[in-house]
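Just run.txt here, compact mmCIF, C-alpha atoms:
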# COMPACT_ATOMS: atom_id res chain seq x y z
CA MET Z 1 34.62 27.97 -23.35
CA PRO Z 2 35.21 31.62 -24.34
CA TRP Z 3 38.30 33.16 -22.81
CA ASN Z 4 37.91 36.02 -20.35
CA PHE Z 5 39.15 39.48 -21.19
CA ASP Z 6 39.64 42.75 -19.36
CA ASP Z 7 37.56 45.61 -20.67
CA ASP Z 8 40.27 48.23 -20.63
CA ARG Z 9 42.92 46.77 -22.95
CA PRO Z 10 43.16 45.63 -26.57
CA ILE Z 11 41.98 42.07 -27.08
CA TYR Z 12 44.98 40.98 -29.19
CA LEU Z 13 47.34 41.86 -26.31
CA GLN Z 14 45.30 39.70 -23.98
CA LEU Z 15 45.32 36.84 -26.47
CA MET Z 16 49.11 37.16 -26.70
CA GLU Z 17 49.43 37.09 -22.93
CA ARG Z 18 47.25 34.06 -22.61
CA ILE Z 19 49.17 32.07 -25.23
CA ARG Z 20 52.51 33.27 -23.86
CA HIS Z 21 51.41 32.09 -20.45
CA ASP Z 22 50.32 28.71 -21.86
CA ILE Z 23 53.73 28.30 -23.49
CA ALA Z 24 55.56 29.14 -20.25
CA ALA Z 25 53.29 26.87 -18.21
CA GLY Z 26 53.88 23.96 -20.56
CA VAL Z 27 50.27 23.73 -21.79
CA TYR Z 28 51.96 23.94 -25.16
CA LYS Z 29 55.22 22.01 -25.28
CA PRO Z 30 58.29 23.18 -27.22
CA GLY Z 31 57.87 22.29 -30.88
CA ASP Z 32 54.11 21.60 -30.53
CA LYS Z 33 51.91 22.40 -33.48
CA ILE Z 34 49.32 24.98 -32.49
CA PRO Z 35 45.71 24.91 -33.70
CA SER Z 36 44.74 26.96 -36.76
CA VAL Z 37 43.81 30.63 -36.38
CA ARG Z 38 40.21 29.70 -37.10
CA ASP Z 39 40.07 27.02 -34.40
CA LEU Z 40 41.83 29.20 -31.84
CA ALA Z 41 39.46 32.09 -32.63
CA LEU Z 42 36.45 29.81 -32.23
CA ASP Z 43 37.79 28.46 -28.95
CA ALA Z 44 38.40 31.94 -27.58
CA ALA Z 45 35.21 33.30 -29.21
CA VAL Z 46 37.11 36.19 -30.77
CA ASN Z 47 37.48 37.66 -34.22
CA PRO Z 48 39.85 35.60 -36.42
CA ASN Z 49 41.75 38.71 -37.56
CA THR Z 50 42.40 39.62 -33.92
CA MET Z 51 43.73 36.12 -33.23
CA GLN Z 52 45.85 36.37 -36.38
CA LYS Z 53 47.37 39.60 -35.09
CA ALA Z 54 48.17 38.06 -31.71
CA LEU Z 55 49.91 35.11 -33.37
CA SER Z 56 51.87 37.38 -35.72
CA GLU Z 57 53.12 39.34 -32.72
CA LEU Z 58 54.13 36.14 -30.94
CA GLU Z 59 55.92 35.12 -34.11
CA ARG Z 60 57.77 38.39 -34.09
CA ALA Z 61 58.81 37.72 -30.49
CA GLY Z 62 60.14 34.33 -31.60
CA LEU Z 63 57.76 32.29 -29.45
CA VAL Z 64 56.02 30.69 -32.38
CA HIS Z 65 57.08 30.19 -35.97
CA SER Z 66 55.13 29.25 -39.04
CA GLN Z 67 56.04 26.71 -41.62
CA ARG Z 68 54.77 27.74 -44.98
CA THR Z 69 52.58 24.75 -45.67
CA SER Z 70 52.03 22.96 -42.41
CA GLY Z 71 50.97 25.67 -39.97
CA ARG Z 72 52.32 27.22 -36.79
CA TYR Z 73 54.57 25.69 -34.15
CA ILE Z 74 55.75 26.62 -30.68
CA THR Z 75 59.43 27.48 -30.58
CA ASP Z 76 61.78 24.69 -29.49
CA ASP Z 77 64.17 27.25 -28.04
CA ARG Z 78 63.95 26.16 -24.40
CA THR Z 79 66.19 28.98 -23.21
CA LEU Z 80 63.71 31.48 -24.61
CA ILE Z 81 60.81 29.69 -22.92
CA GLN Z 82 62.71 29.70 -19.61
CA LYS Z 83 63.27 33.41 -20.03
CA VAL Z 84 59.55 34.01 -20.58
CA ARG Z 85 58.77 31.89 -17.53
CA LYS Z 86 61.06 34.03 -15.39
CA GLU Z 87 59.62 37.24 -16.80
CA LEU Z 88 56.11 36.10 -15.97
CA ALA Z 89 57.20 35.05 -12.47
CA GLU Z 90 58.70 38.46 -11.94
CA GLU Z 91 55.51 40.16 -13.08
CA HIS Z 92 53.49 38.10 -10.60
CA ILE Z 93 55.89 38.91 -7.77
CA CYS Z 94 55.88 42.64 -8.51
CA GLN Z 95 52.12 42.66 -8.60
CA PHE Z 96 51.94 40.76 -5.32
CA LEU Z 97 54.45 43.09 -3.64
CA ARG Z 98 52.50 46.14 -4.82
CA GLN Z 99 49.35 44.75 -3.27
CA MET Z 100 51.12 43.95 0.00
CA GLN Z 101 52.61 47.45 0.11
CA HIS Z 102 49.15 48.81 -0.53
CA LEU Z 103 47.97 46.91 2.53
CA GLY Z 104 50.79 48.54 4.52
CA PHE Z 105 53.22 45.63 4.79
CA SER Z 106 56.92 46.38 4.43
CA ASN Z 107 58.92 44.00 2.26
CA PRO Z 108 60.61 42.28 5.25
CA GLU Z 109 57.18 41.80 6.85
CA THR Z 110 55.86 40.31 3.64
CA LEU Z 111 58.85 37.99 3.41
CA GLU Z 112 58.24 36.86 6.98
CA LEU Z 113 54.59 36.11 6.18
CA ILE Z 114 55.60 34.10 3.13
CA GLU Z 115 58.10 32.07 5.13
CA LYS Z 116 55.50 31.31 7.79
CA LYS Z 117 53.01 30.27 5.16
CA LEU Z 118 55.54 27.99 3.48
CA GLU Z 119 56.40 26.40 6.84
CA VAL Z 120 52.74 25.58 7.45
CA GLN Z 121 52.41 24.19 3.95
CA ASN Z 122 55.52 22.02 4.39
CA HIS Z 123 54.12 20.61 7.62
CA GLU Z 124 50.88 19.80 5.88
CA THR Z 125 52.60 17.96 3.07
CA ASP Z 126 54.86 16.10 5.51
CA SER Z 127 52.01 14.75 7.61
CA MET P 1 40.65 45.11 -54.35
CA ARG P 2 37.11 46.31 -54.88
CA PRO P 3 35.36 47.24 -51.63
CA ILE P 4 32.39 45.13 -50.68
CA LEU P 5 30.41 48.19 -49.66
CA GLU P 6 30.90 51.76 -50.74
CA CYS P 7 28.71 54.68 -49.64
CA ARG P 8 29.29 58.13 -51.11
CA ASN P 9 27.52 61.11 -49.57
CA LEU P 10 24.67 58.73 -48.85
CA THR P 11 21.64 60.71 -47.71
CA LYS P 12 18.06 59.78 -46.91
CA LYS P 13 15.51 62.43 -46.02
CA TYR P 14 11.94 61.98 -44.91
CA ARG P 15 10.42 65.40 -45.62
CA ASN P 16 12.57 67.66 -43.46
CA PHE P 17 14.06 64.92 -41.33
CA SER P 18 17.46 63.54 -42.35
CA ALA P 19 17.60 59.88 -41.32
CA LEU P 20 21.04 59.63 -42.88
CA SER P 21 23.11 62.56 -44.04
CA GLY P 22 26.24 62.58 -46.17
CA LEU P 23 27.52 59.17 -45.15
CA ASP P 24 30.89 58.23 -46.64
CA LEU P 25 31.89 54.68 -45.88
CA THR P 26 34.01 51.94 -47.43
CA LEU P 27 34.09 48.39 -46.12
CA GLY P 28 36.54 45.74 -47.30
CA LYS P 29 36.38 41.97 -47.43
CA GLY P 30 36.92 39.62 -44.54
CA GLU P 31 35.67 41.88 -41.77
CA ILE P 32 33.01 41.55 -39.12
CA ILE P 33 31.63 45.02 -38.51
CA GLY P 34 29.35 46.29 -35.75
CA LEU P 35 26.85 48.97 -36.72
CA LEU P 36 26.10 50.74 -33.47
CA GLY P 37 24.05 53.74 -32.49
CA PRO P 38 21.10 54.77 -30.34
CA ASN P 39 17.51 54.26 -31.47
CA GLY P 40 16.74 56.45 -34.44
CA SER P 41 20.38 57.06 -35.39
CA GLY P 42 19.96 55.67 -38.91
CA LYS P 43 21.12 52.05 -38.62
CA THR P 44 18.07 50.46 -40.19
CA THR P 45 17.86 53.22 -42.81
CA LEU P 46 21.43 52.43 -43.90
CA ILE P 47 20.66 48.73 -43.98
CA LYS P 48 17.51 49.26 -46.04
CA LEU P 49 19.44 51.43 -48.49
CA ILE P 50 22.03 48.66 -48.90
CA ASN P 51 19.25 46.21 -49.63
CA GLY P 52 17.38 48.41 -52.07
CA LEU P 53 14.32 48.74 -49.84
CA LEU P 54 14.82 52.51 -49.79
CA THR P 55 16.29 54.74 -52.45
CA PRO P 56 18.78 57.45 -51.52
CA THR P 57 17.67 61.09 -51.58
CA GLU P 58 21.25 61.95 -52.51
CA GLY P 59 24.51 60.09 -52.98
CA SER P 60 25.03 56.43 -53.76
CA VAL P 61 25.58 53.00 -52.29
CA LEU P 62 27.42 50.25 -54.17
CA ILE P 63 27.77 46.57 -53.26
CA SER P 64 30.88 45.11 -54.94
CA GLY P 65 30.47 47.92 -57.44
CA LEU P 66 26.77 47.22 -58.08
CA ALA P 67 23.85 49.50 -57.32
CA PRO P 68 21.17 47.78 -55.20
CA GLY P 69 19.07 45.54 -57.43
CA PRO P 70 18.59 41.90 -58.40
CA GLU P 71 22.32 41.43 -59.10
CA SER P 72 23.45 42.92 -55.78
CA LYS P 73 20.86 40.84 -53.90
CA LYS P 74 22.62 37.70 -55.11
CA LEU P 75 25.63 38.89 -53.12
CA VAL P 76 23.90 40.11 -49.98
CA SER P 77 22.29 37.93 -47.36
CA TYR P 78 19.94 40.12 -45.34
CA LEU P 79 18.30 39.59 -41.98
CA PRO P 80 15.58 42.24 -41.67
CA ASP P 81 14.46 43.72 -38.39
CA ARG P 82 11.09 42.07 -38.79
CA THR P 83 9.93 38.82 -40.29
CA TYR P 84 8.44 38.64 -43.77
CA LEU P 85 7.98 34.88 -43.92
CA ASN P 86 4.57 33.30 -44.36
CA ARG P 87 3.59 32.11 -40.91
CA HIS P 88 1.52 29.24 -42.25
CA MET P 89 4.53 27.58 -43.82
CA ARG P 90 6.44 24.81 -42.16
CA VAL P 91 10.14 25.26 -41.39
CA ARG P 92 11.11 22.66 -44.00
CA GLU P 93 8.98 24.37 -46.66
CA ILE P 94 10.67 27.67 -45.97
CA VAL P 95 14.07 26.06 -46.35
CA ASN P 96 13.00 24.73 -49.76
CA PHE P 97 11.61 28.15 -50.60
CA TYR P 98 15.05 29.64 -49.92
CA MET P 99 16.64 26.89 -52.01
CA ASP P 100 14.54 28.05 -54.96
CA PHE P 101 15.39 31.68 -54.43
CA TYR P 102 19.12 31.66 -53.80
CA LYS P 103 21.74 29.75 -55.76
CA ASP P 104 24.21 30.06 -52.89
CA PHE P 105 21.88 28.51 -50.31
CA SER P 106 22.97 25.28 -48.61
CA ARG P 107 20.10 23.09 -47.44
CA GLU P 108 22.49 20.83 -45.50
CA LYS P 109 23.85 23.78 -43.59
CA ALA P 110 20.34 25.00 -42.77
CA PHE P 111 19.16 21.61 -41.52
CA SER P 112 22.28 21.09 -39.48
CA MET P 113 21.86 24.49 -37.79
CA LEU P 114 18.16 23.87 -37.18
CA ASP P 115 19.11 20.57 -35.56
CA SER P 116 21.67 22.15 -33.26
CA LEU P 117 19.07 24.72 -32.21
CA ASP P 118 16.58 21.90 -31.64
CA ILE P 119 14.04 23.35 -34.06
CA ASP P 120 11.50 20.94 -35.52
CA GLN P 121 11.50 21.10 -39.32
CA ARG P 122 7.86 20.06 -39.45
CA ALA P 123 6.67 22.89 -37.21
CA ARG P 124 4.68 25.73 -38.72
CA LEU P 125 6.19 29.16 -38.10
CA SER P 126 2.94 30.26 -36.46
CA SER P 127 3.40 27.59 -33.78
CA LEU P 128 6.89 28.78 -32.83
CA SER P 129 7.77 31.39 -30.21
CA LYS P 130 8.97 34.79 -31.37
CA GLY P 131 12.56 33.96 -30.40
CA THR P 132 12.48 30.65 -32.25
CA ARG P 133 11.09 32.34 -35.37
CA GLU P 134 14.01 34.75 -35.22
CA LYS P 135 16.41 31.83 -34.97
CA VAL P 136 14.83 30.22 -38.04
CA GLN P 137 15.25 33.42 -39.97
CA LEU P 138 18.88 33.75 -38.93
CA VAL P 139 19.55 30.14 -39.95
CA LEU P 140 18.16 30.92 -43.41
CA VAL P 141 20.34 33.99 -43.76
CA MET P 142 23.52 32.28 -42.54
CA SER P 143 22.98 29.24 -44.77
CA ARG P 144 23.82 31.30 -47.82
CA GLN P 145 27.36 31.67 -49.14
CA ALA P 146 27.12 35.42 -49.59
CA ASP P 147 29.72 38.17 -50.02
CA LEU P 148 28.02 40.43 -47.51
CA TYR P 149 25.79 39.45 -44.62
CA VAL P 150 23.67 42.28 -43.28
CA LEU P 151 22.10 41.40 -39.96
CA ASP P 152 19.68 43.90 -38.46
CA GLU P 153 19.64 43.18 -34.71
CA PRO P 154 20.09 39.40 -34.80
CA LEU P 155 20.55 39.11 -31.02
CA GLY P 156 17.78 41.20 -29.52
CA GLY P 157 14.99 38.66 -29.35
CA VAL P 158 16.84 35.50 -28.41
CA ASP P 159 18.09 34.03 -25.13
CA PRO P 160 21.77 34.30 -24.07
CA ALA P 161 22.58 30.70 -25.01
CA ALA P 162 21.16 31.24 -28.50
CA ARG P 163 23.14 34.49 -28.73
CA ASP P 164 26.32 32.53 -28.09
CA TYR P 165 25.28 30.07 -30.76
CA ILE P 166 24.64 32.89 -33.24
CA LEU P 167 28.04 34.46 -32.56
CA HIS P 168 29.64 31.03 -32.86
CA THR P 169 27.85 30.54 -36.18
CA ILE P 170 29.12 33.88 -37.45
CA LEU P 171 32.68 32.91 -36.47
CA THR P 172 32.38 29.42 -37.96
CA ASN P 173 31.08 30.95 -41.13
CA TYR P 174 33.88 33.52 -41.27
CA SER P 175 35.62 33.78 -44.62
CA GLU P 176 38.29 36.11 -45.91
CA ASP P 177 36.10 36.74 -48.93
CA ALA P 178 32.97 37.83 -47.09
CA SER P 179 32.04 40.54 -44.64
CA VAL P 180 29.37 40.69 -41.98
CA LEU P 181 27.63 43.91 -40.97
CA ILE P 182 25.72 43.55 -37.71
CA SER P 183 23.52 46.17 -36.14
CA THR P 184 22.88 45.61 -32.45
CA HIS P 185 22.44 47.21 -29.06
CA LEU P 186 24.04 44.23 -27.31
CA ILE P 187 27.57 45.52 -27.72
CA ALA P 188 29.18 43.67 -24.84
CA ASP P 189 27.95 40.36 -26.25
CA ILE P 190 29.37 40.97 -29.66
CA GLU P 191 32.44 43.12 -29.09
CA ASN P 192 35.03 40.33 -29.08
CA ILE P 193 34.06 38.98 -32.47
CA LEU P 194 34.14 42.35 -34.26
CA ASP P 195 36.98 43.80 -36.31
CA ARG P 196 35.53 47.24 -36.52
CA VAL P 197 32.69 49.32 -35.19
CA LEU P 198 30.74 52.15 -36.75
CA PHE P 199 28.97 54.59 -34.44
CA LEU P 200 26.03 56.33 -36.04
CA GLN P 201 24.74 59.48 -34.42
CA LYS P 202 21.81 61.44 -35.82
CA GLY P 203 22.35 59.98 -39.27
CA GLN P 204 26.07 60.69 -39.35
CA LEU P 205 29.12 58.53 -38.90
CA ALA P 206 30.51 59.54 -35.52
CA LEU P 207 33.23 56.89 -35.33
CA ASN P 208 34.79 54.25 -37.56
CA ALA P 209 37.56 52.35 -35.76
CA THR P 210 38.71 48.84 -34.92
CA VAL P 211 37.78 47.43 -31.53
CA ASP P 212 41.42 47.25 -30.46
CA GLU P 213 42.07 50.83 -31.61
CA ILE P 214 39.27 51.96 -29.32
CA ARG P 215 40.49 49.87 -26.42
CA GLY P 216 44.07 51.01 -26.94
CA LYS P 217 43.22 54.68 -27.34
CA HIS P 218 40.50 55.07 -24.73
CA GLY P 219 41.47 52.30 -22.31
CA LYS P 220 37.90 51.09 -22.25
CA SER P 221 35.66 48.64 -24.01
CA VAL P 222 33.47 49.63 -26.95
CA ASP P 223 30.45 49.01 -24.74
CA THR P 224 31.69 51.47 -22.11
CA LEU P 225 32.64 54.06 -24.73
CA PHE P 226 29.19 53.78 -26.30
CA ARG P 227 27.52 54.35 -22.95
CA GLU P 228 29.61 57.49 -22.45
CA VAL P 229 29.23 58.93 -25.94
CA PHE P 230 25.48 58.37 -26.04
CA LYS P 231 24.76 59.05 -22.39
CA CYS P 232 21.10 60.00 -21.97
CA TRP P 233 21.33 62.12 -18.83
CA GLN P 234 23.79 64.32 -16.95
CA ASN P 235 24.89 63.50 -13.42

Kindly transcribe the structure held in the file into structure tokens.
Amino acid sequence: MPWNFDDDRPIYLQLMERIRHDIAAGVYKPGDKIPSVRDLALDAAVNPNTMQKALSELERAGLVHSQRTSGRYITDDRTLIQKVRKELAEEHICQFLRQMQHLGFSNPETLELIEKKLEVQNHETDS
Amino acid sequence: MRPILECRNLTKKYRNFSALSGLDLTLGKGEIIGLLGPNGSGKTTLIKLINGLLTPTEGSVLISGLAPGPESKKLVSYLPDRTYLNRHMRVREIVNFYMDFYKDFSREKAFSMLDSLDIDQRARLSSLSKGTREKVQLVLVMSRQADLYVLDEPLGGVDPAARDYILHTILTNYSEDASVLISTHLIADIENILDRVLFLQKGQLALNATVDEIRGKHGKSVDTLFREVFKCWQN
């Protein structure tokens, strides 16, 4: 299944984001071997050189590392992965808050709505 | 490293009309390149010059350092914009025909692709639909182990599922030692698999940039940029 991309940004950045997200979400576990550039490019239906660039950038950020003969691996630095997870969470929250502000909700109002929603969800899981 | 394609001041004139004028272009190995431009911008002229079907009025074109001729044709696998195959031949016969012509042709690869496209090897070309004939021709071209693949609109006549298969085939076939030059109008379909795009406009190179350079610089896809650059009317 080809991956989906936004039209307005470089593809390699979007590949990086997707893989970064998969690392944070545990789709790839710490220390996992990742598929070859060729296989990843085929899976995403993108140019292999673009995929290569995305992986090199992730390598530079320390999220993956390559072993000369045996391929590429996800970092086993769990602190780093936790940090990425928190960064992604923060991005999602900021985006959500921007949208709520756009709709005219103040932050306390938004918080109140979230709490209500969570209460309902808790009831549903209890029953 | 010797470039796979080198055009110097490449010019083709038909009487007073310049189909291609003063084109300077160098393409390296291991790239998938989109050749884009409106109708009549010179795409097919360039492709025919690369394949020795036209001779330049001025300038030169070299393939791995060779002028177009029998030696360069061993290196280039070419999908023309129209079919030249004998319609009375059966698919299997054409595959054997290609075997005889090209040392780098893989019969196994051809049959395996024909199978995945559900094309009957015993069928005569004349009994196949236009789209299926185009698929056969593409299979033949992609079954060679060439240095340069030149595909003149490989996507236009086939259905979306077959387009995906063709793009998948190009990616599967990707090698650091070979390049693929693809002319097409279906930019959105092909954009993600390209390294680089060339925009031709009135026989001149209007743009030569990587897809991500364009997206980074303009904040829009190659498809959108093309529609703006070559807009046919004013609002």

Point to revise | Å distance separating atom CA of Z:Leu80 from atom CA of Z:Glu57, one decimal place | key: 15.5 Å

Point to revise | Contact residues (chain Z, partner chain P, 8 Å, all atoms listed in the file) as JSON, numbers by chain | key: {"Z": [7, 8, 9, 10, 11, 12, 38, 41, 42, 45, 46, 47, 48, 49, 50]}

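Counting from atom CA of P:Phe199, the distance to atom CA of P:Thr132 is 29.2 Å.
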
Point to revise | Two-atom distance - atom CA of Z:Lys83, atom CA of Z:Ser66 (Å) | key: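 Between atom CA of Z:Lys83 and atom CA of Z:Ser66 the gap is 21.1 Å.
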
First collect every listed atom of stretch 1-15 of chain Z; then fit an axis-aligned box around them, widen it by 3 Å on each side, and give centre and edge lengths in Å to one decimal, as JSON.
{"center_x": 41.0, "center_y": 38.1, "center_z": -24.3, "size_x": 18.7, "size_y": 26.3, "size_z": 15.8}

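Residues lying within 12 Å of (19.9, 31.2, -25.7). Counted over only C-alpha atoms, they are Ser116, Leu117, Asp118, Gly131, Thr132, Glu134, Lys135, Leu155, Gly156, Gly157, Val158, Asp159, Pro160, Ala161, Ala162, Arg163, Asp164, Tyr165, Ile166 and Leu167 of chain P.
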
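You can rank P:Asp189, P:Asp81, P:Asp115, P:Asp177 by their closest distance to P:Gln137 using all atoms listed in the file, and at the top of that list sits P:Asp81.
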
If you take all atoms listed in the file and a cut-off of 12 Å, which residues of stretch 28-99 of chain Z touch stretch 109-126 of chain Z, and what are their nearest atom pairs and distances in Å to one decimal, in chain and number order, as a Markdown table?
| residue | atom | partner | partner_atom | distance |
| --- | --- | --- | --- | --- |
| Z:Ile93 | CA | Z:Thr110 | CA | 11.5 |
| Z:Phe96 | CA | Z:Thr110 | CA | 9.8 |
| Z:Leu97 | CA | Z:Thr110 | CA | 7.9 |
| Z:Arg98 | CA | Z:Thr110 | CA | 10.8 |
| Z:Gln99 | CA | Z:Thr110 | CA | 10.5 |

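Near stretch 98-100 of chain P, within 10 Å and counting all atoms listed in the file, sit Arg92, Glu93, Phe105, Ser106, Arg107, Leu140, Val141, Ser143 and Arg144 of chain P, not including residues fewer than 5 positions from it in the same chain.
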
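Point (28.8, 52.8, -44.6) has the following residues at most 9 Å away: P:Leu5, P:Glu6, P:Cys7, P:Arg8, P:Leu10, P:Leu23, P:Asp24, P:Leu25, P:Thr26, P:Leu27, P:Leu35, P:Leu46, P:Val61, P:Leu198, P:Leu205 (atoms considered: all atoms listed in the file).
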
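Compared by their closest atoms to Z:Lys53, and using all atoms listed in the file, the residues Z:Asp77, Z:Trp3, Z:Met16, Z:Gly26 rank with Z:Met16 nearest.
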
**Study point:** Residue neighbourhood P:Val180, 8 Å, all atoms listed in the file, exclusion window fewer than 3 positions, as a VMD selection string
**Key:** chain P and resid 31 to 33 148 to 151

Point to revise | Top pick for closest residue to Z:Ser56, considering Z:Leu15, Z:Ala44, Z:Phe105, Z:Thr79 and counting only C-alpha atoms | key: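 Of the candidates, the smallest distance to Z:Ser56 is held by Z:Leu15.
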
Point to revise | Of the listed residues Z:Lys29, Z:Arg20, Z:Arg78, Z:His92, that which approaches Z:Ala61 most closely, counting only C-alpha atoms | key: Z:Arg20

Incomplete stretch 55-63 of chain Z filled out to all heavy atoms as a compact mmCIF listing (two decimals), keeping the file's coordinate frame:
# COMPACT_ATOMS: atom_id res chain seq x y z
N LEU Z 55 48.93 36.13 -32.99
CA LEU Z 55 49.91 35.11 -33.37
C LEU Z 55 51.09 35.72 -34.15
O LEU Z 55 52.24 35.32 -33.96
CB LEU Z 55 49.24 34.02 -34.20
CG LEU Z 55 48.28 33.12 -33.40
CD1 LEU Z 55 47.53 32.18 -34.32
CD2 LEU Z 55 49.03 32.33 -32.33
N SER Z 56 50.79 36.72 -34.99
CA SER Z 56 51.87 37.38 -35.72
C SER Z 56 52.83 38.06 -34.76
O SER Z 56 54.05 38.04 -34.95
CB SER Z 56 51.32 38.44 -36.68
OG SER Z 56 50.38 37.87 -37.53
N GLU Z 57 52.28 38.68 -33.71
CA GLU Z 57 53.12 39.34 -32.72
C GLU Z 57 53.97 38.32 -31.96
O GLU Z 57 55.14 38.58 -31.66
CB GLU Z 57 52.27 40.14 -31.74
CG GLU Z 57 51.54 41.33 -32.35
CD GLU Z 57 52.49 42.47 -32.75
OE1 GLU Z 57 53.49 42.68 -32.02
OE2 GLU Z 57 52.24 43.11 -33.78
N LEU Z 58 53.38 37.19 -31.63
CA LEU Z 58 54.13 36.14 -30.94
C LEU Z 58 55.24 35.58 -31.84
O LEU Z 58 56.31 35.22 -31.38
CB LEU Z 58 53.20 35.01 -30.50
CG LEU Z 58 52.27 35.33 -29.33
CD1 LEU Z 58 51.22 34.25 -29.17
CD2 LEU Z 58 53.06 35.50 -28.03
N GLU Z 59 54.93 35.57 -33.13
CA GLU Z 59 55.92 35.12 -34.11
C GLU Z 59 57.10 36.09 -34.11
O GLU Z 59 58.25 35.70 -34.14
CB GLU Z 59 55.26 35.08 -35.48
CG GLU Z 59 55.69 33.93 -36.34
CD GLU Z 59 54.77 33.79 -37.55
OE1 GLU Z 59 53.61 33.37 -37.39
OE2 GLU Z 59 55.24 34.13 -38.64
N ARG Z 60 56.73 37.36 -34.08
CA ARG Z 60 57.77 38.39 -34.09
C ARG Z 60 58.66 38.29 -32.85
O ARG Z 60 59.85 38.55 -32.89
CB ARG Z 60 57.12 39.77 -34.16
CG ARG Z 60 58.09 40.72 -34.75
CD ARG Z 60 57.60 41.98 -35.22
NE ARG Z 60 56.24 42.37 -34.99
CZ ARG Z 60 55.82 43.55 -35.39
NH1 ARG Z 60 56.64 44.37 -35.99
NH2 ARG Z 60 54.58 43.90 -35.16
N ALA Z 61 58.05 37.88 -31.72
CA ALA Z 61 58.81 37.72 -30.49
C ALA Z 61 59.57 36.39 -30.46
O ALA Z 61 60.30 36.11 -29.51
CB ALA Z 61 57.86 37.80 -29.29
N GLY Z 62 59.39 35.58 -31.50
CA GLY Z 62 60.14 34.33 -31.60
C GLY Z 62 59.52 33.17 -30.84
O GLY Z 62 60.11 32.09 -30.79
N LEU Z 63 58.36 33.36 -30.25
CA LEU Z 63 57.76 32.29 -29.45
C LEU Z 63 57.05 31.25 -30.30
O LEU Z 63 56.91 30.10 -29.90
CB LEU Z 63 56.79 32.87 -28.42
CG LEU Z 63 57.47 33.43 -27.18
CD1 LEU Z 63 56.46 34.11 -26.29
CD2 LEU Z 63 58.17 32.31 -26.40
